[in-house]
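query.txt follows (compact mmCIF, C-alpha atoms):
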# COMPACT_ATOMS: atom_id res chain seq x y z
CA MET A 1 30.73 17.29 -80.93
CA PRO A 2 28.38 16.99 -77.91
CA THR A 3 27.27 19.96 -75.82
CA PRO A 4 27.55 20.19 -72.01
CA HIS A 5 24.05 18.69 -71.66
CA ILE A 6 23.53 16.52 -74.77
CA ASN A 7 25.90 13.72 -75.81
CA ALA A 8 24.37 13.08 -79.23
CA GLN A 9 26.60 13.46 -82.25
CA ILE A 10 25.87 15.96 -85.03
CA GLY A 11 23.42 14.26 -87.37
CA ASP A 12 21.87 12.11 -84.64
CA ILE A 13 19.01 14.55 -84.00
CA ALA A 14 16.29 15.28 -86.55
CA LYS A 15 15.25 18.75 -87.69
CA VAL A 16 11.96 18.33 -85.81
CA VAL A 17 11.89 17.31 -82.13
CA LEU A 18 8.96 16.24 -79.98
CA MET A 19 9.71 17.30 -76.42
CA PRO A 20 7.87 15.81 -73.44
CA GLY A 21 9.02 16.66 -69.94
CA ASP A 22 9.41 13.13 -68.59
CA PRO A 23 12.28 10.89 -69.84
CA LYS A 24 10.03 7.85 -69.42
CA ARG A 25 7.44 9.52 -71.65
CA SER A 26 10.16 10.13 -74.22
CA GLU A 27 10.97 6.41 -74.19
CA TRP A 28 7.28 5.46 -74.38
CA ILE A 29 6.67 7.72 -77.38
CA ALA A 30 9.75 6.44 -79.21
CA LYS A 31 8.93 2.78 -78.68
CA ASN A 32 5.23 3.09 -79.53
CA PHE A 33 5.16 5.69 -82.31
CA LEU A 34 8.51 5.55 -84.11
CA THR A 35 10.04 2.91 -86.36
CA ASN A 36 13.53 1.69 -85.41
CA PRO A 37 14.10 4.28 -82.68
CA ARG A 38 17.71 4.55 -81.54
CA LEU A 39 18.90 6.11 -78.31
CA VAL A 40 20.98 9.21 -79.15
CA ASN A 41 21.21 10.91 -75.75
CA ASP A 42 21.21 9.65 -72.18
CA ILE A 43 23.31 12.21 -70.33
CA ARG A 44 21.79 13.10 -66.93
CA GLY A 45 19.16 10.43 -67.62
CA ASN A 46 17.52 12.71 -70.17
CA LEU A 47 16.54 10.33 -72.95
CA ALA A 48 16.43 11.19 -76.65
CA TYR A 49 15.52 8.80 -79.46
CA THR A 50 15.59 9.29 -83.21
CA GLY A 51 13.50 7.17 -85.57
CA THR A 52 10.97 7.54 -88.35
CA THR A 53 7.22 8.00 -88.36
CA ASP A 54 4.85 5.64 -90.16
CA ASN A 55 5.10 7.99 -93.14
CA GLY A 56 8.89 7.82 -93.24
CA ILE A 57 9.65 11.23 -91.68
CA GLU A 58 12.70 11.37 -89.42
CA LEU A 59 11.78 12.54 -85.93
CA THR A 60 13.53 12.88 -82.59
CA VAL A 61 11.75 12.70 -79.26
CA MET A 62 13.68 14.13 -76.32
CA SER A 63 12.64 14.96 -72.79
CA SER A 64 13.11 18.48 -71.44
CA GLY A 65 12.90 17.94 -67.71
CA MET A 66 10.66 20.21 -65.64
CA GLY A 67 10.55 23.99 -65.75
CA MET A 68 11.80 26.86 -67.86
CA PRO A 69 15.50 26.65 -66.88
CA SER A 70 15.63 23.03 -68.04
CA ILE A 71 13.77 23.39 -71.34
CA GLY A 72 15.63 26.66 -71.87
CA ILE A 73 18.97 24.84 -71.81
CA TYR A 74 17.91 21.93 -74.01
CA SER A 75 16.05 23.97 -76.61
CA HIS A 76 18.96 26.45 -76.80
CA GLU A 77 21.44 23.66 -77.54
CA LEU A 78 19.11 21.89 -79.97
CA TYR A 79 18.45 25.07 -81.95
CA THR A 80 22.01 26.41 -81.98
CA HIS A 81 24.24 23.32 -81.98
CA TYR A 82 22.21 20.53 -83.59
CA GLY A 83 20.43 22.50 -86.30
CA VAL A 84 16.93 21.72 -85.02
CA GLU A 85 14.31 23.85 -86.77
CA THR A 86 11.14 22.92 -84.87
CA ILE A 87 10.38 21.84 -81.31
CA ILE A 88 6.89 20.60 -80.42
CA ARG A 89 6.34 20.38 -76.68
CA VAL A 90 4.05 17.50 -75.73
CA GLY A 91 3.26 17.81 -72.05
CA THR A 92 0.60 17.98 -69.40
CA CYS A 93 -1.07 21.02 -67.88
CA GLY A 94 -3.64 22.19 -65.39
CA SER A 95 -6.86 23.85 -66.54
CA TYR A 96 -8.42 27.04 -65.17
CA LEU A 97 -11.70 27.23 -67.08
CA ASP A 98 -14.94 25.38 -66.33
CA SER A 99 -15.36 24.60 -70.03
CA ILE A 100 -12.21 22.44 -69.96
CA ARG A 101 -12.01 18.91 -68.55
CA ILE A 102 -9.17 16.49 -67.93
CA ARG A 103 -7.74 14.81 -71.07
CA ASP A 104 -8.74 17.78 -73.25
CA LEU A 105 -6.02 19.08 -75.57
CA LEU A 106 -4.81 22.65 -75.09
CA VAL A 107 -2.52 24.46 -77.51
CA ALA A 108 -0.62 27.49 -76.21
CA GLU A 109 -0.87 30.00 -79.04
CA GLU A 110 0.45 32.52 -76.51
CA ALA A 111 2.35 32.06 -73.25
CA ILE A 112 2.64 34.47 -70.37
CA THR A 113 4.69 33.88 -67.22
CA ASP A 114 5.12 34.70 -63.55
CA SER A 115 8.87 34.09 -63.81
CA SER A 116 11.78 36.46 -64.37
CA TRP A 117 12.64 34.83 -67.71
CA ALA A 118 11.68 37.88 -69.79
CA LYS A 119 13.61 40.32 -67.59
CA MET A 120 16.72 38.13 -67.57
CA HIS A 121 16.64 37.98 -71.37
CA GLY A 122 16.19 41.69 -71.99
CA LEU A 123 12.47 41.54 -72.74
CA PRO A 124 9.67 43.62 -71.16
CA GLU A 125 8.39 41.95 -68.00
CA ASP A 126 4.89 41.73 -69.50
CA TYR A 127 6.16 40.22 -72.76
CA VAL A 128 3.76 37.70 -74.32
CA ALA A 129 5.62 34.85 -76.03
CA LYS A 130 3.98 33.32 -79.08
CA ALA A 131 4.02 29.99 -80.85
CA SER A 132 4.97 29.79 -84.51
CA GLU A 133 2.04 31.03 -86.61
CA GLU A 134 2.70 28.27 -89.12
CA LEU A 135 2.56 25.59 -86.42
CA VAL A 136 -0.62 27.05 -84.93
CA LYS A 137 -2.30 26.91 -88.33
CA ILE A 138 -1.15 23.34 -88.97
CA THR A 139 -2.29 22.25 -85.50
CA LYS A 140 -5.71 23.79 -86.04
CA ASP A 141 -6.01 21.95 -89.35
CA GLU A 142 -4.89 18.60 -87.98
CA SER A 143 -6.85 18.66 -84.72
CA ASN A 144 -10.26 18.87 -86.44
CA GLY A 145 -11.54 21.17 -83.72
CA GLU A 146 -10.54 18.88 -80.84
CA ALA A 147 -7.71 21.08 -79.57
CA LEU A 148 -8.54 24.29 -77.71
CA ILE A 149 -6.22 27.10 -78.75
CA GLY A 150 -5.48 30.16 -76.62
CA GLN A 151 -3.31 31.66 -73.91
CA MET A 152 -1.58 29.71 -71.13
CA ILE A 153 0.72 30.68 -68.30
CA SER A 154 4.12 29.10 -67.76
CA SER A 155 4.71 29.15 -64.03
CA ASP A 156 7.84 28.73 -61.91
CA THR A 157 5.84 27.06 -59.14
CA PHE A 158 3.81 23.86 -58.98
CA TYR A 159 2.67 24.40 -55.38
CA ASP A 160 1.55 28.03 -55.09
CA TYR A 161 1.79 29.83 -51.76
CA ASP A 162 -1.71 31.20 -52.48
CA GLU A 163 -4.02 28.32 -53.43
CA ASN A 164 -6.48 30.74 -55.05
CA ILE A 165 -4.06 32.73 -57.20
CA TRP A 166 -5.16 30.75 -60.26
CA LYS A 167 -8.52 32.57 -60.14
CA GLU A 168 -6.79 35.81 -61.18
CA TYR A 169 -5.76 34.13 -64.44
CA GLN A 170 -9.12 32.43 -64.85
CA ALA A 171 -10.75 35.86 -64.78
CA LYS A 172 -8.49 36.94 -67.66
CA GLY A 173 -9.47 33.93 -69.77
CA VAL A 174 -6.16 32.10 -69.43
CA MET A 175 -6.86 28.45 -70.31
CA GLY A 176 -4.43 26.83 -67.94
CA VAL A 177 -0.94 26.44 -66.57
CA GLU A 178 2.22 24.50 -67.40
CA MET A 179 5.91 25.19 -66.78
CA GLU A 180 7.87 25.26 -70.05
CA ALA A 181 6.26 26.91 -73.09
CA TYR A 182 7.31 30.49 -72.36
CA ALA A 183 11.05 29.78 -72.35
CA LEU A 184 10.73 27.55 -75.41
CA TYR A 185 8.91 30.26 -77.35
CA CYS A 186 11.43 32.94 -76.34
CA ASN A 187 14.32 30.77 -77.52
CA ALA A 188 12.55 30.02 -80.78
CA MET A 189 12.02 33.73 -81.36
CA GLN A 190 15.65 34.55 -80.51
CA PHE A 191 17.08 31.97 -82.89
CA LYS A 192 14.42 32.39 -85.60
CA LYS A 193 13.14 28.83 -85.17
CA LYS A 194 9.68 27.28 -84.69
CA ALA A 195 7.96 26.06 -81.53
CA ILE A 196 4.55 25.12 -80.23
CA ALA A 197 3.22 23.50 -77.04
CA ILE A 198 0.44 20.91 -77.27
CA CYS A 199 -0.68 19.78 -73.81
CA THR A 200 -3.06 17.25 -72.33
CA VAL A 201 -5.03 18.48 -69.32
CA SER A 202 -3.92 16.33 -66.40
CA ASP A 203 -5.72 18.19 -63.63
CA SER A 204 -8.48 20.76 -63.24
CA PHE A 205 -8.33 23.63 -60.78
CA VAL A 206 -12.09 24.02 -61.19
CA TYR A 207 -13.25 20.44 -60.71
CA LYS A 208 -10.35 19.27 -58.50
CA ASP A 209 -9.83 16.08 -60.50
CA GLU A 210 -6.70 14.70 -62.12
CA ILE A 211 -5.23 11.78 -64.02
CA SER A 212 -2.84 9.40 -62.31
CA ALA A 213 0.95 9.54 -62.42
CA GLU A 214 0.94 6.45 -64.64
CA GLU A 215 -1.46 8.08 -67.08
CA ARG A 216 0.75 11.18 -67.18
CA MET A 217 3.57 9.00 -68.45
CA SER A 218 1.94 6.67 -70.93
CA SER A 219 -1.70 7.25 -71.88
CA LEU A 220 -1.48 10.50 -73.84
CA THR A 221 -1.99 8.91 -77.24
CA LYS A 222 -4.27 11.57 -78.75
CA MET A 223 -1.79 14.35 -78.03
CA VAL A 224 1.17 12.41 -79.42
CA LYS A 225 -0.65 11.45 -82.62
CA LEU A 226 -1.59 15.09 -83.20
CA ALA A 227 1.97 16.24 -82.58
CA ILE A 228 3.33 13.70 -85.04
CA LYS A 229 0.89 14.89 -87.70
CA VAL A 230 2.10 18.44 -87.12
CA ALA A 231 5.72 17.28 -87.25
CA GLU A 232 5.15 15.53 -90.55
CA ARG A 233 3.41 18.56 -92.07
CA VAL A 234 6.17 20.97 -91.05
CA SER A 235 8.78 18.56 -92.41
CA GLU A 236 7.25 18.53 -95.92
Could you quickly redo this structure as structure tokens?
Amino acid sequence: MPTPHINAQIGDIAKVVLMPGDPKRSEWIAKNFLTNPRLVNDIRGNLAYTGTTDNGIELTVMSSGMGMPSIGIYSHELYTHYGVETIIRVGTCGSYLDSIRIRDLLVAEEAITDSSWAKMHGLPEDYVAKASEELVKITKDESNGEALIGQMISSDTFYDYDENIWKEYQAKGVMGVEMEAYALYCNAMQFKKKAIAICTVSDSFVYKDEISAEERMSSLTKMVKLAIKVAERVSE
């Protein structure tokens, strides 16, 4: 039986889900990286496809929308209603450090936030949410040193009122910013599931450069290939 936000039937969604933010990116991943992908969800225009990888592993790719409230809803329903065990976020992020350039891969081993998510879920306001240790280890193994692993911030705002506030996080060694990992990790912890966020740097706060909107949607091949390797390993 469908949920209020997902119209897939039980059995339509794989145990491992790749989760980009953009529905168009979900479609692009399914059509370019999965064999025989079938559309299993389209409610609210949020597209989910289930198919198999080149190695025969069943995999679902489903968009989360933007922000913690959105991924919080979808990951909650996937974990609790559809029996999903692992969610791998594949998204874009901004970088804070001068050692990081656009198109680099960042893995959020830890996520902090400027939102009220922790407080609203009975956690300390300074709670640090963590990715699955198993997934972090697998990602390290599969990335061959290409992915940078560390702490990121999940923010509620894309356009900050203070254009220099990012420097406070830079000084603490935070690699960069995105908008979803914290809520995903908290849900995974609550329901004893697995989660990790693998992100492509789409813009740099240091160098003031960015990739185009078209590239955000469709030219993130390295990140997707890494995520599929991780998905296959965790499915073994």
For segment 7-9 of chain A: contacts at 12 Å, all atoms listed in the file, fewer than 6 positions along chain excluded, given as a PyMOL selection string: chain A and resi 1+38-50+60+62+74+77-78+81-83
Top pick for closest residue to Glu210 of chain A, considering A:Lys137, A:Arg103, A:Lys24, A:Lys225 and counting all atoms listed in the file: A:Arg103
At what distance in Å, to one decimal, does atom CA of Leu220 of chain A lie from atom CA of Thr200 of chain A? 7.1 Å
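Straight-line separation from atom CA of Glu168 of chain A to atom CA of Leu105 of chain A: 22.1 Å.
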Could you produce a table of the residues of segment 49-139 of chain A lying within 12 Å of segment 32-35 of chain A, with the nearest pair of atoms per residue and their separation in Å rounded to one decimal, using all atoms listed in the file, ordered by chain and increasing residue number, as a tab-separated table?
residue	atom	partner	partner_atom	distance
A:Tyr49	CA	A:Leu34	CA	9.0
A:Thr50	CA	A:Leu34	CA	8.1
A:Gly51	CA	A:Leu34	CA	5.4
A:Thr52	CA	A:Thr35	CA	5.1
A:Thr53	CA	A:Leu34	CA	5.1
A:Asp54	CA	A:Thr35	CA	7.0
A:Asn55	CA	A:Thr35	CA	9.8
A:Gly56	CA	A:Thr35	CA	8.5
A:Ile57	CA	A:Leu34	CA	9.5
A:Glu58	CA	A:Leu34	CA	8.9
A:Leu59	CA	A:Leu34	CA	7.9
A:Thr60	CA	A:Leu34	CA	9.0
A:Val61	CA	A:Leu34	CA	9.2
Give me, as a ChimeraX atom specification, all polymer residues having an atom no more than 8 Å from Val16 of chain A, counting all atoms listed in the file and skipping those fewer than 6 positions away in the same chain. /A:58-60,84-88,231,235
Skip Ser155 of chain A itself and residues of its chain fewer than 6 positions away, then list as a list of chain:residue names all residues within 10 Å of it, counting only C-alpha atoms. A:Gly67, A:Met68, A:Ala111, A:Ile112, A:Thr113, A:Asp114, A:Ser115, A:Val177, A:Glu178, A:Met179, A:Glu180, A:Ala181, A:Tyr182
Using only C-alpha atoms, find each residue of segment 71-136 of chain A with at least one atom at most 8 Å away from an atom of segment 184-196 of chain A; report its shortest atom-to-atom pair and that distance in Å (one decimal), sort the rows by chain and rising residue number, and return the result as JSON lines.
{"residue": "A:Ile71", "atom": "CA", "partner": "A:Leu184", "partner_atom": "CA", "distance": 6.6}
{"residue": "A:Gly72", "atom": "CA", "partner": "A:Leu184", "partner_atom": "CA", "distance": 6.1}
{"residue": "A:Ser75", "atom": "CA", "partner": "A:Leu184", "partner_atom": "CA", "distance": 6.5}
{"residue": "A:His76", "atom": "CA", "partner": "A:Asn187", "partner_atom": "CA", "distance": 6.4}
{"residue": "A:Tyr79", "atom": "CA", "partner": "A:Phe191", "partner_atom": "CA", "distance": 7.1}
{"residue": "A:Thr80", "atom": "CA", "partner": "A:Phe191", "partner_atom": "CA", "distance": 7.5}
{"residue": "A:Glu85", "atom": "CA", "partner": "A:Lys193", "partner_atom": "CA", "distance": 5.4}
{"residue": "A:Thr86", "atom": "CA", "partner": "A:Lys194", "partner_atom": "CA", "distance": 4.6}
{"residue": "A:Ile87", "atom": "CA", "partner": "A:Ala195", "partner_atom": "CA", "distance": 4.9}
{"residue": "A:Ile88", "atom": "CA", "partner": "A:Ile196", "partner_atom": "CA", "distance": 5.1}
{"residue": "A:Arg89", "atom": "CA", "partner": "A:Ile196", "partner_atom": "CA", "distance": 6.2}
{"residue": "A:Val107", "atom": "CA", "partner": "A:Ile196", "partner_atom": "CA", "distance": 7.6}
{"residue": "A:Ala108", "atom": "CA", "partner": "A:Ile196", "partner_atom": "CA", "distance": 7.0}
{"residue": "A:Glu109", "atom": "CA", "partner": "A:Ile196", "partner_atom": "CA", "distance": 7.4}
{"residue": "A:Ala111", "atom": "CA", "partner": "A:Tyr185", "partner_atom": "CA", "distance": 7.9}
{"residue": "A:Ala129", "atom": "CA", "partner": "A:Tyr185", "partner_atom": "CA", "distance": 5.8}
{"residue": "A:Lys130", "atom": "CA", "partner": "A:Tyr185", "partner_atom": "CA", "distance": 6.1}
{"residue": "A:Ala131", "atom": "CA", "partner": "A:Ile196", "partner_atom": "CA", "distance": 4.9}
{"residue": "A:Ser132", "atom": "CA", "partner": "A:Lys194", "partner_atom": "CA", "distance": 5.3}
{"residue": "A:Leu135", "atom": "CA", "partner": "A:Ile196", "partner_atom": "CA", "distance": 6.5}
{"residue": "A:Val136", "atom": "CA", "partner": "A:Ile196", "partner_atom": "CA", "distance": 7.2}
Give as JSON, numbers by chain every residue, naming chains and numbers as the document does, that has an atom within 8 Å of (-8.3, 17.3, -63.8), counting only C-alpha atoms. {"A": [94, 95, 101, 102, 103, 201, 202, 203, 204, 205, 207, 208, 209, 210, 211]}
So, with only C-alpha atoms as the atoms that count, which of A:Val230, A:Tyr159, A:Ile29, A:Met223 lies closest to Cys199 of chain A? A:Met223
Rounded to one decimal place, report the atom CA of Glu232 of chain A-atom CA of Glu214 of chain A distance in Å.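 That distance, rounded to one decimal, is 27.8 Å.
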Some atoms are absent from segment 20-31 of chain A, so rebuild all heavy atoms and return them as an mmCIF file, in the frame of the given file.
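File part-v3.cif, as written:
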data_model
loop_
_atom_site.group_PDB
_atom_site.id
_atom_site.type_symbol
_atom_site.label_atom_id
_atom_site.label_comp_id
_atom_site.auth_asym_id
_atom_site.auth_seq_id
_atom_site.Cartn_x
_atom_site.Cartn_y
_atom_site.Cartn_z
ATOM 1 N N PRO A 20 8.602 15.963 -74.690
ATOM 2 C CA PRO A 20 7.870 15.810 -73.440
ATOM 3 C C PRO A 20 8.766 16.218 -72.269
ATOM 4 O O PRO A 20 9.981 16.402 -72.454
ATOM 5 C CB PRO A 20 7.571 14.306 -73.399
ATOM 6 C CG PRO A 20 8.741 13.696 -74.109
ATOM 7 C CD PRO A 20 9.139 14.688 -75.185
ATOM 8 N N GLY A 21 8.200 16.335 -71.094
ATOM 9 C CA GLY A 21 9.020 16.660 -69.940
ATOM 10 C C GLY A 21 9.706 15.443 -69.348
ATOM 11 O O GLY A 21 10.872 15.489 -68.966
ATOM 12 N N ASP A 22 8.996 14.334 -69.295
ATOM 13 C CA ASP A 22 9.410 13.130 -68.590
ATOM 14 C C ASP A 22 10.260 12.224 -69.480
ATOM 15 O O ASP A 22 9.833 11.850 -70.568
ATOM 16 C CB ASP A 22 8.140 12.396 -68.148
ATOM 17 C CG ASP A 22 8.407 11.167 -67.306
ATOM 18 O OD1 ASP A 22 9.574 10.782 -67.132
ATOM 19 O OD2 ASP A 22 7.423 10.566 -66.824
ATOM 20 N N PRO A 23 11.482 11.823 -69.051
ATOM 21 C CA PRO A 23 12.280 10.890 -69.840
ATOM 22 C C PRO A 23 11.562 9.578 -70.139
ATOM 23 O O PRO A 23 11.716 9.015 -71.223
ATOM 24 C CB PRO A 23 13.521 10.651 -68.970
ATOM 25 C CG PRO A 23 13.614 11.863 -68.100
ATOM 26 C CD PRO A 23 12.198 12.283 -67.840
ATOM 27 N N LYS A 24 10.771 9.088 -69.192
ATOM 28 C CA LYS A 24 10.030 7.850 -69.420
ATOM 29 C C LYS A 24 8.974 8.034 -70.509
ATOM 30 O O LYS A 24 8.682 7.119 -71.276
ATOM 31 C CB LYS A 24 9.362 7.382 -68.118
ATOM 32 C CG LYS A 24 10.314 6.776 -67.117
ATOM 33 C CD LYS A 24 10.844 5.430 -67.615
ATOM 34 C CE LYS A 24 11.662 4.726 -66.566
ATOM 35 N NZ LYS A 24 12.164 3.411 -67.055
ATOM 36 N N ARG A 25 8.408 9.253 -70.588
ATOM 37 C CA ARG A 25 7.440 9.520 -71.650
ATOM 38 C C ARG A 25 8.142 9.594 -73.001
ATOM 39 O O ARG A 25 7.601 9.174 -74.019
ATOM 40 C CB ARG A 25 6.669 10.811 -71.372
ATOM 41 C CG ARG A 25 5.436 10.975 -72.258
ATOM 42 C CD ARG A 25 4.727 12.296 -71.999
ATOM 43 N NE ARG A 25 4.376 12.424 -70.599
ATOM 44 C CZ ARG A 25 4.350 13.565 -69.934
ATOM 45 N NH1 ARG A 25 4.673 14.690 -70.539
ATOM 46 N NH2 ARG A 25 4.016 13.606 -68.670
ATOM 47 N N SER A 26 9.365 10.115 -72.999
ATOM 48 C CA SER A 26 10.160 10.130 -74.220
ATOM 49 C C SER A 26 10.380 8.710 -74.729
ATOM 50 O O SER A 26 10.204 8.407 -75.921
ATOM 51 C CB SER A 26 11.497 10.819 -73.957
ATOM 52 O OG SER A 26 12.313 10.813 -75.099
ATOM 53 N N GLU A 27 10.750 7.820 -73.825
ATOM 54 C CA GLU A 27 10.970 6.410 -74.190
ATOM 55 C C GLU A 27 9.686 5.770 -74.688
ATOM 56 O O GLU A 27 9.678 5.040 -75.694
ATOM 57 C CB GLU A 27 11.504 5.658 -72.964
ATOM 58 C CG GLU A 27 11.791 4.193 -73.207
ATOM 59 C CD GLU A 27 12.316 3.513 -71.959
ATOM 60 O OE1 GLU A 27 11.794 3.802 -70.853
ATOM 61 O OE2 GLU A 27 13.239 2.698 -72.084
ATOM 62 N N TRP A 28 8.577 6.033 -74.001
ATOM 63 C CA TRP A 28 7.280 5.460 -74.380
ATOM 64 C C TRP A 28 6.866 5.918 -75.777
ATOM 65 O O TRP A 28 6.410 5.120 -76.605
ATOM 66 C CB TRP A 28 6.228 5.845 -73.350
ATOM 67 C CG TRP A 28 4.842 5.425 -73.709
ATOM 68 C CD1 TRP A 28 4.303 4.171 -73.596
ATOM 69 C CD2 TRP A 28 3.808 6.259 -74.241
ATOM 70 N NE1 TRP A 28 2.994 4.173 -74.028
ATOM 71 C CE2 TRP A 28 2.670 5.438 -74.425
ATOM 72 C CE3 TRP A 28 3.739 7.603 -74.566
ATOM 73 C CZ2 TRP A 28 1.469 5.939 -74.932
ATOM 74 C CZ3 TRP A 28 2.554 8.108 -75.070
ATOM 75 C CH2 TRP A 28 1.434 7.282 -75.252
ATOM 76 N N ILE A 29 7.028 7.206 -76.063
ATOM 77 C CA ILE A 29 6.670 7.720 -77.380
ATOM 78 C C ILE A 29 7.531 7.068 -78.456
ATOM 79 O O ILE A 29 7.035 6.609 -79.490
ATOM 80 C CB ILE A 29 6.828 9.260 -77.434
ATOM 81 C CG1 ILE A 29 5.804 9.941 -76.522
ATOM 82 C CG2 ILE A 29 6.667 9.769 -78.872
ATOM 83 C CD1 ILE A 29 6.030 11.436 -76.345
ATOM 84 N N ALA A 30 8.836 7.008 -78.219
ATOM 85 C CA ALA A 30 9.750 6.440 -79.210
ATOM 86 C C ALA A 30 9.398 4.989 -79.518
ATOM 87 O O ALA A 30 9.361 4.582 -80.689
ATOM 88 C CB ALA A 30 11.189 6.546 -78.715
ATOM 89 N N LYS A 31 9.142 4.210 -78.490
ATOM 90 C CA LYS A 31 8.930 2.780 -78.680
ATOM 91 C C LYS A 31 7.541 2.453 -79.238
ATOM 92 O O LYS A 31 7.347 1.377 -79.823
ATOM 93 C CB LYS A 31 9.161 2.040 -77.362
ATOM 94 C CG LYS A 31 10.634 2.066 -76.948
ATOM 95 C CD LYS A 31 10.891 1.288 -75.681
ATOM 96 C CE LYS A 31 12.391 1.274 -75.363
ATOM 97 N NZ LYS A 31 12.693 0.524 -74.119
#
